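*Asks:* Following this line is structure.csv, made up of CSV, C-alpha atoms:
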```csv
chain,number,residue,atom,x,y,z
A,1,MET,CA,133.2,172.2,175.9
A,2,LEU,CA,132.8,173.5,172.4
A,3,PHE,CA,133.2,170.0,171.1
A,4,MET,CA,130.5,168.6,173.5
A,5,PRO,CA,128.7,165.8,171.8
A,6,VAL,CA,125.3,166.6,170.4
A,7,LYS,CA,123.6,164.0,172.5
A,8,LEU,CA,125.0,165.4,175.8
A,9,ARG,CA,124.0,169.0,174.8
A,10,PHE,CA,120.4,167.8,174.0
A,11,ARG,CA,120.2,166.1,177.3
A,12,SER,CA,121.3,169.2,179.2
A,13,LEU,CA,118.8,171.4,177.3
A,14,TRP,CA,116.0,169.0,178.0
A,15,LEU,CA,116.8,169.0,181.8
A,16,THR,CA,116.7,172.8,181.8
A,17,LEU,CA,113.4,173.0,180.1
A,18,THR,CA,111.9,170.4,182.5
A,19,LEU,CA,113.0,172.4,185.5
A,20,ILE,CA,111.6,175.6,184.1
A,21,LEU,CA,108.2,174.0,183.3
A,22,ALA,CA,108.0,172.4,186.7
A,23,GLY,CA,108.6,175.8,188.3
A,24,LEU,CA,105.9,177.4,186.2
A,25,LEU,CA,103.4,174.7,187.1
A,26,GLY,CA,104.2,174.9,190.8
A,27,ALA,CA,103.7,178.7,190.7
A,28,ALA,CA,100.4,178.4,188.9
A,29,SER,CA,99.2,175.8,191.3
A,30,ALA,CA,100.1,177.9,194.3
A,31,GLN,CA,98.4,180.9,192.9
A,32,ALA,CA,95.2,178.9,192.2
A,33,GLN,CA,95.2,177.6,195.7
A,34,GLY,CA,95.6,181.1,197.1
A,35,GLN,CA,92.5,182.5,195.4
A,36,ARG,CA,89.2,182.1,197.2
A,37,ARG,CA,85.9,181.7,195.3
A,38,VAL,CA,83.0,184.1,195.8
A,39,VAL,CA,79.9,182.4,197.3
A,40,GLN,CA,76.4,183.9,197.7
A,41,PHE,CA,75.5,183.4,201.3
A,42,THR,CA,71.7,183.4,201.9
A,43,GLY,CA,69.4,182.2,204.6
A,44,ILE,CA,66.8,182.9,207.3
A,45,VAL,CA,67.6,184.0,210.9
A,46,ALA,CA,64.8,182.7,213.2
A,47,THR,CA,64.2,182.2,216.9
A,48,GLY,CA,65.0,178.7,218.2
A,49,ASP,CA,61.6,178.0,219.8
A,50,SER,CA,59.1,179.2,217.3
A,51,LEU,CA,61.0,179.5,214.0
A,52,LEU,CA,59.8,183.1,213.6
A,53,GLY,CA,62.0,185.4,211.5
A,54,VAL,CA,64.1,187.8,213.4
A,55,PRO,CA,64.1,191.2,211.6
A,56,GLY,CA,67.1,193.5,211.9
A,57,ALA,CA,69.6,190.8,212.8
A,58,THR,CA,73.1,191.6,211.5
A,59,ILE,CA,75.2,189.3,209.3
A,60,PHE,CA,78.8,190.5,209.6
A,61,VAL,CA,82.2,189.4,208.2
A,62,PRO,CA,84.8,190.6,210.7
A,63,LYS,CA,87.8,190.2,208.4
A,64,ALA,CA,86.3,191.9,205.5
A,65,GLY,CA,84.5,194.6,207.6
A,66,ARG,CA,81.2,194.3,205.7
A,67,GLY,CA,77.8,192.8,206.2
A,68,THR,CA,74.1,193.2,205.9
A,69,ALA,CA,70.9,192.9,208.0
A,70,THR,CA,67.8,190.7,207.8
A,71,ASN,CA,64.5,192.1,206.4
A,72,ALA,CA,61.1,192.0,208.1
A,73,TYR,CA,60.9,188.2,207.6
A,74,GLY,CA,64.4,187.4,208.8
A,75,TYR,CA,65.8,186.8,205.3
A,76,PHE,CA,69.3,187.9,204.2
A,77,SER,CA,71.7,187.6,201.2
A,78,LEU,CA,75.4,188.5,201.2
A,79,PRO,CA,78.3,187.6,198.9
A,80,VAL,CA,81.2,186.1,200.8
A,81,LEU,CA,84.4,184.2,200.1
A,82,THR,CA,85.2,180.6,200.8
A,83,GLY,CA,86.8,180.2,204.2
A,84,ASP,CA,85.0,183.3,205.7
A,85,SER,CA,83.6,183.3,209.2
A,86,ILE,CA,80.3,185.1,209.4
A,87,VAL,CA,79.0,186.3,212.7
A,88,ILE,CA,75.2,186.6,213.1
A,89,ARG,CA,74.0,188.6,216.0
A,90,SER,CA,70.8,190.2,217.3
A,91,LEU,CA,69.9,192.1,220.5
A,92,GLY,CA,68.6,189.6,223.2
A,93,TYR,CA,70.1,186.5,221.5
A,94,ARG,CA,73.4,184.7,221.5
A,95,ASN,CA,75.9,185.3,218.7
A,96,GLN,CA,76.4,182.5,216.2
A,97,THR,CA,79.2,181.9,213.7
A,98,VAL,CA,78.9,180.2,210.3
A,99,VAL,CA,82.1,179.2,208.5
A,100,ILE,CA,82.1,178.7,204.7
A,101,PRO,CA,84.3,175.7,203.9
A,102,ASP,CA,87.5,176.4,202.0
A,103,ALA,CA,86.8,173.8,199.3
A,104,TYR,CA,83.1,174.6,198.9
A,105,PRO,CA,82.3,173.8,195.2
A,106,ARG,CA,79.0,175.5,194.7
A,107,GLN,CA,78.2,179.1,194.1
A,108,SER,CA,75.5,179.6,196.8
A,109,TYR,CA,75.4,178.6,200.5
A,110,SER,CA,72.0,178.6,202.3
A,111,VAL,CA,71.4,178.1,206.0
A,112,ILE,CA,68.6,178.5,208.6
A,113,VAL,CA,70.1,180.0,211.7
A,114,GLN,CA,68.2,179.4,214.9
A,115,LEU,CA,69.1,182.0,217.5
A,116,LYS,CA,68.9,181.2,221.2
A,117,GLU,CA,67.7,183.8,223.7
A,118,ASP,CA,70.4,185.4,225.9
A,119,ALA,CA,68.7,187.3,228.8
A,120,THR,CA,71.0,189.9,230.2
A,121,VAL,CA,70.2,191.7,233.5
A,122,LEU,CA,71.5,195.3,233.3
A,123,PRO,CA,72.8,196.9,236.5
A,124,GLU,CA,70.7,199.5,238.2
A,125,VAL,CA,71.3,203.1,237.1
A,126,ARG,CA,70.3,206.0,239.3
A,127,ILE,CA,70.0,209.5,237.8
A,128,PHE,CA,70.3,212.5,240.1
A,129,PRO,CA,70.1,216.2,239.0
A,130,TYR,CA,73.1,216.9,241.2
A,131,MET,CA,76.8,216.0,240.9
A,132,THR,CA,76.9,213.8,244.1
A,133,GLU,CA,74.3,212.2,246.3
A,134,LYS,CA,75.5,214.4,249.2
A,135,ALA,CA,74.6,217.5,247.2
A,136,PHE,CA,71.2,216.1,246.5
A,137,LYS,CA,70.5,215.3,250.2
A,138,GLU,CA,71.6,218.9,251.2
A,139,ALA,CA,69.3,220.4,248.5
A,140,PHE,CA,66.4,218.1,249.5
A,141,LEU,CA,66.7,219.0,253.2
A,142,ALA,CA,66.9,222.7,252.4
A,143,LEU,CA,63.8,222.6,250.2
A,144,ARG,CA,60.9,224.8,251.4
A,145,LEU,CA,57.5,223.4,250.5
A,146,PRO,CA,54.6,225.9,249.8
A,147,THR,CA,51.8,226.1,252.3
A,148,GLU,CA,48.5,224.4,251.4
A,149,ARG,CA,46.6,227.7,251.3
A,150,GLY,CA,47.2,229.6,248.1
A,151,SER,CA,49.1,226.7,246.5
A,152,ALA,CA,48.3,225.1,243.1
A,153,VAL,CA,47.1,221.9,244.8
A,154,ALA,CA,44.6,223.8,246.9
A,155,ASP,CA,43.3,225.7,243.8
A,156,ASN,CA,42.9,222.5,241.8
A,157,LEU,CA,40.9,220.9,244.7
A,158,ASN,CA,38.5,223.8,245.0
A,159,SER,CA,34.9,222.6,244.9
A,160,SER,CA,33.8,225.1,242.3
A,161,VAL,CA,36.7,224.2,240.0
A,162,MET,CA,36.0,220.5,240.4
A,163,ARG,CA,32.3,221.1,239.6
A,164,ARG,CA,33.2,223.1,236.5
A,165,MET,CA,35.6,220.4,235.4
A,166,PHE,CA,32.9,217.8,235.9
A,167,ASN,CA,30.4,219.6,233.8
A,168,ASN,CA,32.7,220.6,230.9
A,169,LEU,CA,35.3,217.9,230.6
A,170,PRO,CA,34.4,215.1,228.1
A,171,VAL,CA,34.0,211.6,229.2
A,172,THR,CA,37.3,209.6,229.3
A,173,SER,CA,37.9,206.4,227.5
A,174,MET,CA,37.5,204.5,230.8
A,175,GLY,CA,34.1,206.2,231.4
A,176,ASN,CA,32.9,205.3,228.0
A,177,TYR,CA,34.0,201.7,228.5
A,178,ARG,CA,32.1,201.4,231.8
A,179,GLN,CA,29.0,203.0,230.4
A,180,THR,CA,29.0,200.6,227.4
A,181,MET,CA,29.5,197.6,229.7
A,182,GLN,CA,26.7,198.7,232.0
A,183,ASN,CA,24.3,199.2,229.0
A,184,GLN,CA,25.2,195.7,227.7
A,185,GLN,CA,24.5,194.2,231.1
A,186,TYR,CA,21.2,196.0,231.5
A,187,ASN,CA,20.1,194.8,228.1
A,188,GLN,CA,21.0,191.2,229.0
A,189,ASP,CA,19.1,191.5,232.2
A,190,ARG,CA,16.0,192.8,230.4
A,191,ARG,CA,16.1,189.9,227.9
A,192,MET,CA,16.4,187.5,230.9
A,193,GLY,CA,13.4,189.1,232.6
A,194,THR,CA,15.4,190.3,235.7
A,195,ALA,CA,15.4,194.0,234.8
A,196,PRO,CA,12.5,196.4,234.4
A,197,THR,CA,11.1,196.8,230.9
A,198,PRO,CA,8.4,199.2,229.4
A,199,TYR,CA,5.9,196.3,229.7
A,200,THR,CA,6.5,195.9,233.5
A,201,ASN,CA,6.6,199.7,234.2
A,202,ASN,CA,3.3,200.5,232.3
A,203,PRO,CA,0.4,198.5,233.9
A,204,LEU,CA,-1.8,198.9,230.8
A,205,LEU,CA,0.8,196.9,228.8
A,206,ASN,CA,1.2,194.3,231.5
A,207,PRO,CA,-1.0,191.2,231.0
A,208,PHE,CA,-0.7,190.2,234.6
A,209,SER,CA,-2.1,193.6,235.7
A,210,TRP,CA,-5.1,193.0,233.4
A,211,LEU,CA,-5.7,189.6,234.9
A,212,GLN,CA,-5.6,191.1,238.4
A,213,LEU,CA,-8.1,193.8,237.3
A,214,ILE,CA,-10.5,191.2,235.9
A,215,ASN,CA,-10.4,189.2,239.0
A,216,GLN,CA,-11.1,192.2,241.2
A,217,VAL,CA,-14.1,193.2,239.0
A,218,LYS,CA,-15.5,189.7,239.3
A,219,SER,CA,-15.1,189.6,243.0
A,220,GLY,CA,-17.0,192.8,243.4
A,221,GLU,CA,-14.2,194.8,245.0
A,222,PHE,CA,-15.2,197.9,243.0
A,223,LYS,CA,-19.0,197.8,244.0
A,224,LYS,CA,-20.3,200.7,246.1
A,225,LYS,CA,-20.6,199.7,249.6
A,226,GLU,CA,-23.7,200.9,251.7
A,227,GLY,CA,-23.0,203.6,254.2
A,228,VAL,CA,-19.7,204.4,252.7
A,229,ASP,CA,-19.3,207.7,250.8
A,230,TYR,CA,-16.6,208.0,248.2
```
What's the structure tokens form of this structure?
*Replies:*
Amino acid sequence: MLFMPVKLRFRSLWLTLTLILAGLLGAASAQAQGQRRVVQFTGIVATGDSLLGVPGATIFVPKAGRGTATNAYGYFSLPVLTGDSIVIRSLGYRNQTVVIPDAYPRQSYSVIVQLKEDATVLPEVRIFPYMTEKAFKEAFLALRLPTERGSAVADNLNSSVMRRMFNNLPVTSMGNYRQTMQNQQYNQDRRMGTAPTPYTNNPLLNPFSWLQLINQVKSGEFKKKEGVDY
């Protein structure tokens, strides 16, 4: 073996170097394939019928355990990795999932997500101040109601108290609204001539009253009749 020809030893060394280089290239290629690129994931979350932005919708990456939420206009921006599955959810809408392709070549990925409504009917919940319904029924049957005389209800319905409340309490918003509507209707009727006006109430300002007075004077209705004392 010490006297191996030079040509044979060179061939063996070349084969060894080739095997080592192939192993290094394979490891580098496998490492490059295992790394995932960072992509800026942006978009708008909107309703499916009107394309209005959905504020407060969550954009969440379950595997990474991180996410963000949309602003008042439904816009969001979140850095993710290629191959990630992003879940977009909002209360009252169905969840949607967006997957970033593994071989996505660009640095940003933009989408417009249209959420569909998901109406959920919640079961009825009854709240009792007692542990069981039986205890509530027993307490209700054992309840002693106060008599009408001397009770708070009778005091509040007293005529003098109600009169004092009527004179002192301010007008409510509903009362102001009704009064305003009545005044507007009255002014409209006056402009149309169907409501009394200062001209119709004062005979001196009414031209029809003056016309009637002139006709009465011409006809002699105001002459002193014989044998009649005034």
*Asks:* Between A:Ser90, A:Gln35, A:Asn168, A:Asn71, single out the one closest to Asp102 of chain A, counting all atoms listed in the file.
*Replies:*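 Nearest to Asp102 of chain A: A:Gln35.
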*Asks:* Using all atoms listed in the file, which residues sit within 8 Å of Tyr73 of chain A once same-chain residues fewer than 5 positions away are excluded, as a list in words?
*Replies:* Ile44, Leu52, Gly53, Val54 and Pro55 of chain A
*Asks:* Quick one, how far is atom CA of Ile86 of chain A from atom CA of Leu122 of chain A?
*Replies:*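 Separation between atom CA of Ile86 of chain A and atom CA of Leu122 of chain A: 27.4 Å.
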*Asks:* What does the distance between atom CA of Ser50 of chain A and atom CA of Leu78 of chain A come to in Å, to one decimal place?
*Replies:*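 For atom CA of Ser50 of chain A relative to atom CA of Leu78 of chain A, the distance reads 24.7 Å.
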*Asks:* Mind pulling up the distance from atom CA of Gly43 of chain A to atom CA of Gly67 of chain A?
*Replies:*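 Computing it gives 13.6 Å between the two atoms.
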*Asks:* Looking at all atoms listed in the file, which of A:Thr120, A:Thr47, A:Gln185, A:Gly56 is the one that sits closest to Thr70 of chain A?
*Replies:*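 Among the listed residues, A:Gly56 lies closest to Thr70 of chain A.
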*Asks:* Pick the closest to Val80 of chain A from A:Gln40, A:Gly65, A:Arg106, A:Ala46: which is it, counting only C-alpha atoms?
*Replies:*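 Closest to Val80 of chain A of all the choices is A:Gln40.
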*Asks:* What would the list of residues within 7 Å of (82.4, 190.9, 212.4) (file frame) look like as a list in words, if all atoms listed in the file are what count?
*Replies:*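 Residues satisfying the cut-off, written out: Phe60, Val61, Pro62, Lys63, Gly65, Ile86 and Val87 of chain A.
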*Asks:* Generate the coordinates of N, CA and C atoms for segment 68-86 of chain A; report them as a tab-separated table (two decimals), in the frame of the given file.
*Replies:*
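The resulting file, out18.tsv, is shown below:
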```tsv
chain	number	residue	atom	x	y	z
A	68	THR	N	75.42	192.77	206.29
A	68	THR	CA	74.10	193.20	205.90
A	68	THR	C	73.16	192.89	207.10
A	69	ALA	N	71.87	193.12	206.92
A	69	ALA	CA	70.90	192.90	208.00
A	69	ALA	C	69.67	192.17	207.37
A	70	THR	N	68.96	191.45	208.21
A	70	THR	CA	67.80	190.70	207.80
A	70	THR	C	66.61	191.66	207.54
A	71	ASN	N	65.70	191.25	206.65
A	71	ASN	CA	64.50	192.10	206.40
A	71	ASN	C	63.43	191.74	207.43
A	72	ALA	N	62.21	192.15	207.14
A	72	ALA	CA	61.10	192.00	208.10
A	72	ALA	C	60.79	190.50	208.35
A	73	TYR	N	61.18	189.63	207.44
A	73	TYR	CA	60.90	188.20	207.60
A	73	TYR	C	62.10	187.39	208.01
A	74	GLY	N	63.21	188.06	208.33
A	74	GLY	CA	64.40	187.40	208.80
A	74	GLY	C	65.30	186.86	207.65
A	75	TYR	N	65.03	187.25	206.39
A	75	TYR	CA	65.80	186.80	205.30
A	75	TYR	C	67.00	187.70	205.00
A	76	PHE	N	68.11	187.14	204.52
A	76	PHE	CA	69.30	187.90	204.20
A	76	PHE	C	70.00	187.29	203.00
A	77	SER	N	70.86	188.07	202.33
A	77	SER	CA	71.70	187.60	201.20
A	77	SER	C	72.93	188.46	201.17
A	78	LEU	N	74.09	187.78	201.13
A	78	LEU	CA	75.40	188.50	201.20
A	78	LEU	C	76.43	187.71	200.45
A	79	PRO	N	77.18	188.34	199.53
A	79	PRO	CA	78.30	187.60	198.90
A	79	PRO	C	79.50	187.56	199.80
A	80	VAL	N	80.06	186.36	199.95
A	80	VAL	CA	81.20	186.10	200.80
A	80	VAL	C	82.24	185.31	200.03
A	81	LEU	N	83.36	185.02	200.68
A	81	LEU	CA	84.40	184.20	200.10
A	81	LEU	C	84.50	182.89	200.85
A	82	THR	N	84.96	181.88	200.16
A	82	THR	CA	85.20	180.60	200.80
A	82	THR	C	86.20	180.74	201.93
A	83	GLY	N	85.91	180.13	203.06
A	83	GLY	CA	86.80	180.20	204.20
A	83	GLY	C	86.41	181.37	205.16
A	84	ASP	N	85.45	182.22	204.79
A	84	ASP	CA	85.00	183.30	205.70
A	84	ASP	C	84.26	182.81	206.87
A	85	SER	N	84.42	183.52	207.96
A	85	SER	CA	83.60	183.30	209.20
A	85	SER	C	82.64	184.41	209.33
A	86	ILE	N	81.37	184.08	209.30
A	86	ILE	CA	80.30	185.10	209.40
A	86	ILE	C	79.67	185.03	210.74
```
